[in-house]
$ cat work-v9.cif   # mmCIF, C-alpha atoms
data_data
#
loop_
_atom_site.label_atom_id
_atom_site.label_comp_id
_atom_site.auth_asym_id
_atom_site.auth_seq_id
_atom_site.Cartn_x
_atom_site.Cartn_y
_atom_site.Cartn_z
CA MET Y 1 125.66 88.05 163.83
CA LYS Y 2 122.98 90.65 163.67
CA GLY Y 3 125.51 93.39 162.96
CA LYS Y 4 127.00 91.43 160.14
CA ASN Y 5 123.59 91.01 158.49
CA VAL Y 6 122.97 94.70 158.67
CA TRP Y 7 126.34 95.33 157.12
CA VAL Y 8 125.66 92.86 154.31
CA ALA Y 9 122.27 94.45 153.74
CA SER Y 10 123.65 97.96 153.59
CA PHE Y 11 126.48 96.84 151.35
CA ALA Y 12 123.91 95.30 149.02
CA ALA Y 13 121.91 98.52 149.10
CA VAL Y 14 124.98 100.54 148.19
CA VAL Y 15 125.73 98.21 145.30
CA MET Y 16 122.14 98.48 144.12
CA ILE Y 17 122.17 102.25 144.28
CA ALA Y 18 125.44 102.26 142.38
CA ILE Y 19 123.95 100.06 139.68
CA VAL Y 20 120.87 102.26 139.46
CA LEU Y 21 123.01 105.38 139.18
CA LEU Y 22 125.16 103.72 136.58
CA LEU Y 23 122.14 102.74 134.51
CA ALA Y 24 120.55 106.16 134.90
CA GLY Y 25 123.82 107.77 133.91
CA SER Y 26 124.24 105.63 130.83
CA SER Y 27 120.67 106.20 129.66
CA SER Y 28 120.99 109.95 130.01
CA VAL Y 29 123.98 109.79 127.73
CA THR Y 30 121.97 108.21 124.94
CA ALA Y 31 118.70 110.04 125.55
CA ASN Y 32 117.58 113.37 124.25
CA ASP Y 33 118.95 116.26 126.38
CA GLN Y 34 115.57 117.71 127.11
CA SER Y 35 113.90 114.66 128.52
CA SER Y 36 116.49 112.37 130.02
CA ALA Y 37 114.53 111.64 133.19
CA ALA Y 38 111.04 112.25 131.87
CA THR Y 39 108.73 109.40 132.68
CA SER Y 40 105.08 109.84 133.38
CA GLU Y 41 102.35 107.65 134.70
CA VAL Y 42 98.75 107.12 133.75
CA LYS Y 43 96.80 105.02 136.23
CA ILE Y 44 93.69 103.16 135.23
CA ASP Y 45 91.20 103.10 138.09
CA ASN Y 46 87.47 102.50 138.00
CA PHE Y 47 87.30 102.44 134.22
CA SER Y 48 89.03 105.78 133.79
CA PHE Y 49 92.46 107.09 132.84
CA GLY Y 50 94.09 109.37 135.37
CA PRO Y 51 95.07 112.01 134.69
CA GLN Y 52 92.77 112.21 131.74
CA THR Y 53 95.04 114.76 130.11
CA LEU Y 54 98.73 114.26 130.69
CA THR Y 55 101.24 116.84 129.50
CA VAL Y 56 104.83 115.65 128.95
CA PRO Y 57 107.96 116.94 127.22
CA VAL Y 58 109.09 115.55 123.88
CA GLY Y 59 110.90 112.26 124.36
CA ALA Y 60 109.04 111.32 127.52
CA THR Y 61 107.97 107.78 128.17
CA VAL Y 62 104.42 107.36 129.43
CA THR Y 63 103.51 104.23 131.35
CA TRP Y 64 99.93 103.09 131.78
CA THR Y 65 99.12 100.81 134.73
CA ASN Y 66 95.84 98.96 134.98
CA ARG Y 67 94.68 98.93 138.59
CA ASP Y 68 91.20 97.57 137.85
CA ASP Y 69 90.11 93.96 138.22
CA ILE Y 70 89.07 94.04 134.56
CA PRO Y 71 91.40 94.12 131.57
CA HIS Y 72 91.86 97.37 129.67
CA THR Y 73 93.85 98.67 126.73
CA SER Y 74 95.31 102.00 125.70
CA VAL Y 75 94.90 102.58 121.98
CA SER Y 76 95.76 105.77 120.14
CA THR Y 77 92.80 107.16 118.20
CA ASP Y 78 95.14 108.06 115.35
CA GLY Y 79 96.90 104.71 115.29
CA VAL Y 80 100.12 106.01 116.85
CA PHE Y 81 100.32 103.41 119.61
CA LYS Y 82 98.37 100.38 120.72
CA SER Y 83 98.87 98.44 123.92
CA LYS Y 84 98.29 94.77 124.39
CA VAL Y 85 95.55 93.85 126.79
CA MET Y 86 96.62 94.88 130.28
CA ASP Y 87 95.35 92.61 132.99
CA THR Y 88 95.35 93.77 136.60
CA ASN Y 89 98.63 95.54 137.49
CA GLU Y 90 100.06 95.09 134.02
CA THR Y 91 101.64 98.06 132.29
CA PHE Y 92 102.22 99.50 128.85
CA SER Y 93 104.80 102.14 127.94
CA TYR Y 94 105.21 104.36 124.94
CA THR Y 95 107.85 107.00 124.24
CA PHE Y 96 106.62 110.15 122.54
CA ALA Y 97 109.25 111.42 120.12
CA LYS Y 98 107.18 114.19 118.54
CA ALA Y 99 105.18 117.10 119.89
CA GLY Y 100 101.44 116.91 119.47
CA THR Y 101 98.18 115.86 121.07
CA TYR Y 102 97.56 112.14 121.24
CA PRO Y 103 94.01 111.13 122.10
CA TYR Y 104 93.53 107.51 123.11
CA TYR Y 105 90.86 105.14 124.43
CA CYS Y 106 90.33 101.65 125.79
CA SER Y 107 89.35 99.41 122.90
CA ILE Y 108 87.41 97.13 125.24
CA HIS Y 109 85.54 100.01 126.88
CA PRO Y 110 85.46 102.81 124.32
CA LYS Y 111 83.84 105.16 126.82
CA MET Y 112 87.23 105.34 128.52
CA THR Y 113 89.23 108.11 126.88
CA GLY Y 114 92.29 110.22 127.63
CA GLN Y 115 94.98 112.22 125.91
CA VAL Y 116 98.68 112.84 126.10
CA VAL Y 117 99.86 116.31 125.17
CA VAL Y 118 103.51 116.34 124.14
CA LYS Y 119 105.20 119.76 124.17
CA MET F 1 73.68 114.86 119.93
CA PRO F 2 73.73 113.01 123.27
CA ASP F 3 70.64 114.92 124.33
CA LYS F 4 68.77 113.79 121.29
CA LYS F 5 69.67 110.23 122.06
CA GLN F 6 68.64 110.59 125.66
CA ASP F 7 65.32 112.01 124.50
CA LEU F 8 64.85 108.97 122.38
CA ILE F 9 65.53 106.72 125.33
CA ASP F 10 63.16 108.66 127.51
CA GLN F 11 60.55 108.44 124.81
CA LYS F 12 61.01 104.71 124.64
CA LEU F 13 60.71 104.30 128.35
CA GLN F 14 57.57 106.35 128.13
CA ASP F 15 56.23 104.01 125.46
CA LEU F 16 57.06 101.08 127.63
CA ASN F 17 55.13 102.56 130.50
CA ASN F 18 52.09 103.13 128.34
CA ASP F 19 52.16 99.95 126.42
CA GLY F 20 53.83 97.23 128.37
CA VAL F 21 51.60 96.89 131.38
CA ASP F 22 49.87 93.59 130.83
CA ARG F 23 52.87 92.07 129.17
CA ARG F 24 54.97 92.94 132.10
CA GLY F 25 52.84 90.67 134.20
CA PHE F 26 53.31 87.99 131.62
CA LEU F 27 57.05 88.02 131.68
CA LYS F 28 57.87 87.97 135.29
CA CYS F 29 61.21 87.35 136.72
CA MET F 30 60.66 85.04 139.59
CA ALA F 31 64.10 84.90 141.05
CA TRP F 32 66.29 87.90 140.88
CA ALA F 33 69.38 86.37 142.30
CA GLY F 34 70.59 83.41 140.36
CA THR F 35 73.23 81.81 138.19
CA GLY F 36 71.31 80.81 135.15
CA LEU F 37 68.11 81.55 133.40
CA VAL F 38 65.69 78.85 132.36
CA TRP F 39 63.46 79.82 129.47
CA THR F 40 60.19 78.14 128.54
CA MET F 41 58.84 79.05 125.13
CA SER F 42 55.06 79.02 125.01
CA GLY F 43 53.65 80.15 121.69
CA GLY F 44 56.54 82.47 121.18
CA ILE F 45 56.52 84.26 124.48
CA PRO F 46 59.37 83.41 126.79
CA VAL F 47 58.59 82.87 130.42
CA SER F 48 61.23 82.28 133.01
CA ARG F 49 61.04 80.08 136.04
CA ALA F 50 62.99 79.99 139.27
CA PHE F 51 65.49 77.27 138.79
CA ALA F 52 65.16 75.06 141.77
CA LYS F 53 61.65 75.69 142.96
CA THR F 54 59.44 75.86 139.91
CA ALA F 55 61.29 73.75 137.41
CA ASP F 56 59.18 70.67 138.06
CA ARG F 57 55.89 72.48 137.77
CA SER F 58 56.42 73.98 134.36
CA ALA F 59 57.94 70.77 133.08
CA GLY F 60 54.61 69.15 133.83
CA LYS F 61 52.91 71.62 131.52
CA GLY F 62 54.70 70.07 128.60
CA GLY F 63 57.01 72.70 127.17
CA ASP F 64 57.65 71.86 123.55
CA PHE F 65 61.25 72.52 124.15
CA SER F 66 63.41 74.35 126.58
CA PHE F 67 66.90 75.69 126.71
CA VAL F 68 69.18 77.22 129.27
CA GLN F 69 71.07 80.46 128.89
CA ILE F 70 74.38 80.81 130.65
CA SER F 71 76.56 83.87 130.35
CA ASP F 72 79.78 85.58 131.25
CA SER F 73 81.73 82.61 132.56
CA HIS F 74 84.95 84.70 132.36
CA ILE F 75 87.19 81.66 132.71
CA GLY F 76 90.55 82.97 133.87
CA PHE F 77 89.17 85.64 136.20
CA ASN F 78 90.53 85.04 139.70
CA LYS F 79 89.88 88.20 141.72
CA PRO F 80 87.41 88.89 144.51
CA ALA F 81 84.57 88.04 144.80
CA ASN F 82 85.24 84.83 142.89
CA PRO F 83 88.71 83.27 142.91
CA ASP F 84 87.37 80.11 141.26
CA VAL F 85 85.13 80.85 138.28
CA THR F 86 85.69 77.34 136.93
CA ALA F 87 84.04 75.91 140.02
CA THR F 88 81.01 78.18 139.75
CA LEU F 89 80.61 77.32 136.06
CA GLN F 90 80.78 73.68 137.07
CA THR F 91 78.06 74.33 139.64
CA ALA F 92 75.93 75.88 136.92
CA ILE F 93 76.42 72.87 134.65
CA ASN F 94 75.62 70.50 137.51
CA LYS F 95 72.45 72.45 138.11
CA ILE F 96 71.46 72.21 134.47
CA ASN F 97 72.20 68.48 134.41
CA ALA F 98 70.06 67.99 137.49
CA MET F 99 67.00 69.70 136.00
CA SER F 100 63.96 67.48 135.83
CA HIS F 101 63.23 68.53 132.26
CA LYS F 102 66.29 68.18 130.12
CA PRO F 103 66.98 71.35 128.14
CA ASP F 104 67.33 70.77 124.40
CA PHE F 105 70.31 73.05 124.19
CA ILE F 106 72.37 75.68 125.98
CA ILE F 107 73.07 79.21 124.79
CA HIS F 108 76.19 80.92 126.11
CA THR F 109 75.84 84.67 125.60
CA GLY F 110 79.50 85.56 125.61
CA ASP F 111 82.53 86.42 127.66
CA LEU F 112 83.42 82.76 127.77
CA SER F 113 86.94 83.74 128.81
CA GLN F 114 88.56 86.59 130.70
CA LEU F 115 91.49 87.24 128.36
CA SER F 116 90.86 85.11 125.23
CA LYS F 117 93.71 82.80 126.27
CA PRO F 118 93.86 79.30 124.77
CA GLY F 119 94.10 77.78 128.24
CA GLU F 120 90.94 79.60 129.31
CA PHE F 121 89.00 78.26 126.33
CA ASP F 122 90.41 74.80 127.07
CA THR F 123 89.14 74.95 130.64
CA LEU F 124 85.74 76.13 129.45
CA ASP F 125 85.52 73.27 126.95
CA GLN F 126 86.45 70.82 129.67
CA VAL F 127 83.64 71.98 131.94
CA LEU F 128 81.05 72.24 129.17
CA LYS F 129 81.89 68.72 128.04
CA GLY F 130 80.10 67.59 131.17
CA ALA F 131 76.82 69.23 130.14
CA SER F 132 74.06 66.78 129.31
CA ALA F 133 72.59 69.09 126.66
CA ARG F 134 73.74 67.93 123.25
CA GLN F 135 74.12 71.32 121.66
CA ILE F 136 75.68 74.53 122.92
CA TYR F 137 75.37 77.76 120.94
CA PHE F 138 77.82 80.57 121.54
CA VAL F 139 78.16 84.25 120.79
CA PRO F 140 81.41 86.06 121.58
CA GLY F 141 81.77 88.76 124.19
CA GLU F 142 84.43 91.46 124.08
CA HIS F 143 86.62 89.38 126.39
CA ASP F 144 86.69 86.60 123.79
CA MET F 145 88.17 88.84 121.12
CA LEU F 146 90.85 90.66 123.07
CA SER F 147 94.15 89.72 121.53
CA ASP F 148 93.51 88.30 118.07
CA ASN F 149 90.34 89.98 116.82
CA GLY F 150 88.41 86.90 117.81
CA GLU F 151 90.28 84.57 115.48
CA GLN F 152 90.68 81.87 118.06
CA TYR F 153 87.09 82.21 119.20
CA LEU F 154 85.89 81.74 115.62
CA GLN F 155 88.12 78.73 115.16
CA ARG F 156 86.77 77.06 118.25
CA TYR F 157 83.16 78.15 118.46
CA GLY F 158 82.32 79.91 115.23
CA LYS F 159 82.52 77.16 112.64
CA GLY F 160 79.90 77.70 109.97
CA THR F 161 79.10 81.22 111.13
CA LYS F 162 79.18 84.42 109.13
CA GLY F 163 81.54 87.33 109.65
CA THR F 164 82.44 87.64 113.31
CA GLY F 165 80.21 84.77 114.37
CA TRP F 166 76.68 85.43 113.14
CA TYR F 167 74.31 82.56 112.55
CA SER F 168 70.74 81.51 112.96
CA PHE F 169 68.84 78.29 113.43
CA ASP F 170 65.29 77.04 113.90
CA GLN F 171 63.96 74.96 116.72
CA LYS F 172 60.40 73.67 116.45
CA GLY F 173 59.09 76.72 114.67
CA VAL F 174 61.03 79.27 116.71
CA HIS F 175 63.70 81.19 114.87
CA PHE F 176 66.93 81.91 116.75
CA ALA F 177 69.49 84.45 115.56
CA GLY F 178 72.85 84.90 117.26
CA LEU F 179 74.96 88.05 117.41
CA VAL F 180 72.50 90.26 115.63
CA LYS F 181 73.81 92.74 113.08
CA GLU F 182 73.09 93.96 109.56
CA TRP F 183 72.65 90.46 108.22
CA LEU F 184 69.53 90.11 110.34
CA GLU F 185 67.47 91.90 107.73
CA ASP F 186 68.27 89.21 105.16
CA ASP F 187 67.94 86.46 107.69
CA LEU F 188 64.39 87.44 108.56
CA LYS F 189 63.26 88.13 105.00
CA GLY F 190 60.35 85.96 103.95
CA ARG F 191 59.65 84.70 107.43
CA SER F 192 56.08 84.84 108.62
CA ALA F 193 55.35 87.55 111.16
CA SER F 194 53.89 84.88 113.39
CA THR F 195 57.25 83.13 113.73
CA PRO F 196 58.52 83.60 117.26
CA ILE F 197 61.95 85.19 117.11
CA VAL F 198 64.71 84.85 119.67
CA LEU F 199 67.73 87.10 119.27
CA PHE F 200 70.75 86.47 121.40
CA ALA F 201 73.89 88.55 121.66
CA HIS F 202 76.40 89.49 124.33
CA ILE F 203 75.84 93.22 124.78
CA PRO F 204 72.25 94.20 125.53
CA LEU F 205 70.29 95.39 122.49
CA TRP F 206 68.69 98.13 124.54
CA THR F 207 70.29 101.08 126.21
CA ILE F 208 70.64 100.25 129.88
CA TYR F 209 73.31 102.66 131.02
CA PRO F 210 75.28 104.48 128.33
CA GLU F 211 77.74 105.87 130.89
CA TRP F 212 79.06 102.34 131.36
CA GLY F 213 78.66 101.38 127.73
CA TRP F 214 75.72 99.12 128.61
CA GLY F 215 73.94 99.08 125.29
CA THR F 216 74.96 99.01 121.64
CA ASP F 217 74.70 101.80 119.11
CA ASP F 218 73.53 99.52 116.33
CA SER F 219 70.72 97.91 118.30
CA GLU F 220 68.12 100.38 117.00
CA GLN F 221 68.72 99.15 113.50
CA ALA F 222 68.64 95.50 114.48
CA LEU F 223 65.38 95.98 116.32
CA SER F 224 63.80 97.76 113.35
CA TYR F 225 63.97 94.45 111.46
CA VAL F 226 61.92 92.57 114.03
CA LYS F 227 59.15 95.13 114.39
CA ARG F 228 56.69 93.20 112.23
CA PHE F 229 56.99 90.01 114.28
CA GLY F 230 54.43 89.12 116.89
CA SER F 231 56.83 87.75 119.46
CA VAL F 232 60.44 88.73 119.85
CA THR F 233 62.67 87.75 122.73
CA VAL F 234 66.09 89.29 123.16
CA LEU F 235 68.57 87.47 125.41
CA ASN F 236 71.78 89.16 126.46
CA GLY F 237 74.57 89.00 129.03
CA HIS F 238 77.40 91.47 129.61
CA ILE F 239 76.01 93.29 132.64
CA HIS F 240 76.13 90.32 135.05
CA GLN F 241 72.70 90.88 136.49
CA ILE F 242 69.08 90.35 135.55
CA MET F 243 67.29 93.18 133.82
CA GLN F 244 64.07 93.01 131.92
CA LYS F 245 62.16 95.34 129.71
CA ILE F 246 59.17 94.87 127.47
CA GLU F 247 58.69 97.22 124.59
CA GLY F 248 55.75 96.48 122.35
CA LYS F 249 56.14 92.88 121.27
CA VAL F 250 59.79 92.70 122.19
CA SER F 251 60.90 91.27 125.52
CA PHE F 252 64.43 92.04 126.60
CA HIS F 253 66.21 90.00 129.21
CA THR F 254 69.76 89.93 130.53
CA ALA F 255 71.17 86.97 132.43
CA MET F 256 73.36 86.65 135.46
CA SER F 257 76.99 85.70 135.10
CA THR F 258 78.37 82.39 136.30
CA ALA F 259 81.54 84.20 137.41
CA PHE F 260 80.98 87.46 139.29
CA PRO F 261 78.25 90.07 139.79
CA GLN F 262 78.41 93.67 138.59
CA PRO F 263 76.81 96.63 140.32
CA ALA F 264 73.40 98.00 139.38
CA PRO F 265 73.74 100.91 136.93
CA GLY F 266 75.17 103.99 138.56
CA THR F 267 75.46 102.51 142.03
CA ALA F 268 79.25 102.26 141.98
CA PRO F 269 82.12 104.37 140.64
CA SER F 270 82.51 101.89 137.78
CA ALA F 271 81.14 98.68 136.30
CA GLY F 272 83.97 96.65 137.81
CA PRO F 273 83.35 93.30 139.52
CA MET F 274 81.17 93.66 142.59
CA LYS F 275 82.65 92.21 145.75
CA VAL F 276 80.27 90.20 147.88
CA PRO F 277 80.86 87.99 150.93
CA ALA F 278 81.82 84.45 149.94
CA ASP F 279 78.65 82.96 151.39
CA GLN F 280 76.52 85.23 149.22
CA LEU F 281 78.31 84.69 145.94
CA GLN F 282 76.10 81.88 144.72
CA GLN F 283 73.04 84.05 145.21
CA VAL F 284 74.24 86.58 142.65
CA LEU F 285 75.41 84.10 140.03
CA GLY F 286 72.91 82.13 138.04
CA ILE F 287 71.46 80.50 134.97
CA THR F 288 68.36 81.14 132.89
CA ASP F 289 65.85 78.48 131.87
CA VAL F 290 63.59 79.10 128.90
CA ASN F 291 60.62 76.92 128.01
CA TYR F 292 58.55 77.11 124.88
CA VAL F 293 55.00 75.79 124.81
CA VAL F 294 53.29 75.89 121.43
CA SER F 295 49.74 75.48 122.69
CA GLY F 296 49.90 78.46 125.00
CA ARG F 297 52.07 80.39 122.55
CA SER F 298 54.31 81.62 125.29
CA LEU F 299 57.95 81.56 126.22
CA ALA F 300 58.73 81.24 129.89
CA ILE F 301 61.94 82.63 131.29
CA VAL F 302 63.16 81.75 134.73
CA ASP F 303 66.33 82.99 136.33
CA SER F 304 67.71 81.02 139.17
CA PRO F 305 70.72 81.45 141.40
CA LEU F 306 73.46 78.85 141.68
CA GLY F 307 72.91 78.70 145.39
CA ALA F 308 69.18 78.06 145.30
#
$ encode --input "work-v9.cif" --output "structure tokens"
Amino acid sequence: MKGKNVWVASFAAVVMIAIVLLLAGSSSVTANDQSSAATSEVKIDNFSFGPQTLTVPVGATVTWTNRDDIPHTSVSTDGVFKSKVMDTNETFSYTFAKAGTYPYYCSIHPKMTGQVVVK
Amino acid sequence: MPDKKQDLIDQKLQDLNNDGVDRRGFLKCMAWAGTGLVWTMSGGIPVSRAFAKTADRSAGKGGDFSFVQISDSHIGFNKPANPDVTATLQTAINKINAMSHKPDFIIHTGDLSQLSKPGEFDTLDQVLKGASARQIYFVPGEHDMLSDNGEQYLQRYGKGTKGTGWYSFDQKGVHFAGLVKEWLEDDLKGRSASTPIVLFAHIPLWTIYPEWGWGTDDSEQALSYVKRFGSVTVLNGHIHQIMQKIEGKVSFHTAMSTAFPQPAPGTAPSAGPMKVPADQLQQVLGITDVNYVVSGRSLAIVDSPLGA
């Protein structure tokens, strides 16, 4: 019995991996050559964005995750992007198609600032 | 630029130290760990009383009217140290209803909700419906204007207000102005300098801790309009703890939250909710009782914890 469960589990894992690979493969076909796998994270902890300056290649998707017990936002100073309110553990993603420097802040706590540099 | 501002703050603190000595004794916070603040207005000077212990005494002195300030109910918040902010708000309302002197009205100084969600406002309304005070005045906090620029807040609580929720009213010779901004200049025009003024807004109108955004940039301007008045009381929330300052004829006071405490300025990596043991929570939440007595021309402010 036990052996069978393990087998089922590993079969499921293999299927999952296959699906993931398939998805990854298909997205790299449609995505820009340069940045097919480029995803980057900004974590919000203790009312600050980390890293405060994040450098990513053109086409990269940046995901902000709020790890505070207080809601935050990520709003581009130049109006390029604007997240909804992120409650605890909620995320916001934005894909940067053009090179440049993108300063942003939390509209609820304007002291919180950061920037994404896209090269 | 920041240095100049800091100099200004230092200068102000200096002024306070030179000028505010006897007044400081006048406006004494009797309970530093509470859930609400009870204010007694006596001749325009607010005096606060500890909720449970001194309420009866000052009621006997015949306050011309009194009101209770509650703040930062954050309905919808469910993290440590308070998984049930609705229950603690209910406790605050029960406490107000049980007061021996019935407050004429309640002022809620903002952050009614955690995320400006309709359901959060609904829950708040449900709890506040049980308050014996006939009238409740609101000002919005930043949490009440998160998703829709405060549209829903204005619809529910801002009827008859100007702009983003500014309004004023008079109660027995005391002038109250909510969510102070540029319009204050007009609002105060033609009023006698002897009129006691009470300003209430969410974010403190004095710079408490700029690093955490505790203070507003436009407060200097707002305060310049009240300089000629003999008694000005400023009631705020936002920082979830009691702080007081007296500067000339202006008394500043911030109230406790009914939801969760925040750390003292600079004592934690951020201003996030402070976690306290469950059995201590009600000592750091509170209400504020304010009593006004015309004969003594003073306003008494008393903060008292929920768990008193």
$ resolve_selection --input "work-v9.cif" --expression "the PyMOL selection byres ((chain Y) within 8 of (chain F))" --output "number ranges by chain"
Y: 46-47, 68-71, 84-85, 108-111
$ closest_residue --input "work-v9.cif" --among "F:Pro83, F:Gly237, F:Pro305, F:Gly215" --to "Val139 of chain F" --atoms "all atoms listed in the file"
F:Gly237
$ atom_distance --input "work-v9.cif" --atom1 "atom CA of Ser224 of chain F" --atom2 "atom CA of Leu112 of chain F"
28.6 Å
$ atom_distance --input "work-v9.cif" --atom1 "atom CA of Glu120 of chain F" --atom2 "atom CA of Tyr104 of chain Y"
28.7 Å
$ resolve_selection --input "work-v9.cif" --expression "the PyMOL selection byres ((chain F and resi 89) around 10)" --output "PyMOL selection string"
chain F and resi 35-36+70-75+84-88+90-95+124+127-128+257-259+285-287+306
$ atom_distance --input "work-v9.cif" --atom1 "atom CA of Asn97 of chain F" --atom2 "atom CA of Gly160 of chain F"
27.2 Å
$ resolve_selection --input "work-v9.cif" --expression "the PyMOL selection byres ((chain Y and resi 78) around 8)" --output "count of residues only"
7
$ closest_residue --input "work-v9.cif" --among "F:Ile107, F:Val226, F:Ala201, F:Val276" --to "Leu184 of chain F" --atoms "all atoms listed in the file"
F:Val226
$ closest_residue --input "work-v9.cif" --among "F:Leu223, F:Ile96, F:Leu281, F:Val198" --to "Asn82 of chain F" --atoms "all atoms listed in the file"
F:Leu281
$ residues_around --input "work-v9.cif" --residues "segment 87-100 of chain Y" --least-positions-apart "6" --cutoff "9 Å" --atoms "all atoms listed in the file" --output "ChimeraX atom specification"
/Y:39,56-74,81,116-119 /F:115
$ write_last_selection --input "work-v9.cif" --atoms "C-alpha atoms" --output "short mmCIF file (atom, residue, chain, number, x, y, z; two decimals), keeping the file's coordinate frame"
data_model
loop_
_atom_site.label_atom_id
_atom_site.label_comp_id
_atom_site.auth_asym_id
_atom_site.auth_seq_id
_atom_site.Cartn_x
_atom_site.Cartn_y
_atom_site.Cartn_z
CA THR Y 39 108.73 109.40 132.68
CA VAL Y 56 104.83 115.65 128.95
CA PRO Y 57 107.96 116.94 127.22
CA VAL Y 58 109.09 115.55 123.88
CA GLY Y 59 110.90 112.26 124.36
CA ALA Y 60 109.04 111.32 127.52
CA THR Y 61 107.97 107.78 128.17
CA VAL Y 62 104.42 107.36 129.43
CA THR Y 63 103.51 104.23 131.35
CA TRP Y 64 99.93 103.09 131.78
CA THR Y 65 99.12 100.81 134.73
CA ASN Y 66 95.84 98.96 134.98
CA ARG Y 67 94.68 98.93 138.59
CA ASP Y 68 91.20 97.57 137.85
CA ASP Y 69 90.11 93.96 138.22
CA ILE Y 70 89.07 94.04 134.56
CA PRO Y 71 91.40 94.12 131.57
CA HIS Y 72 91.86 97.37 129.67
CA THR Y 73 93.85 98.67 126.73
CA SER Y 74 95.31 102.00 125.70
CA PHE Y 81 100.32 103.41 119.61
CA VAL Y 116 98.68 112.84 126.10
CA VAL Y 117 99.86 116.31 125.17
CA VAL Y 118 103.51 116.34 124.14
CA LYS Y 119 105.20 119.76 124.17
CA LEU F 115 91.49 87.24 128.36
#
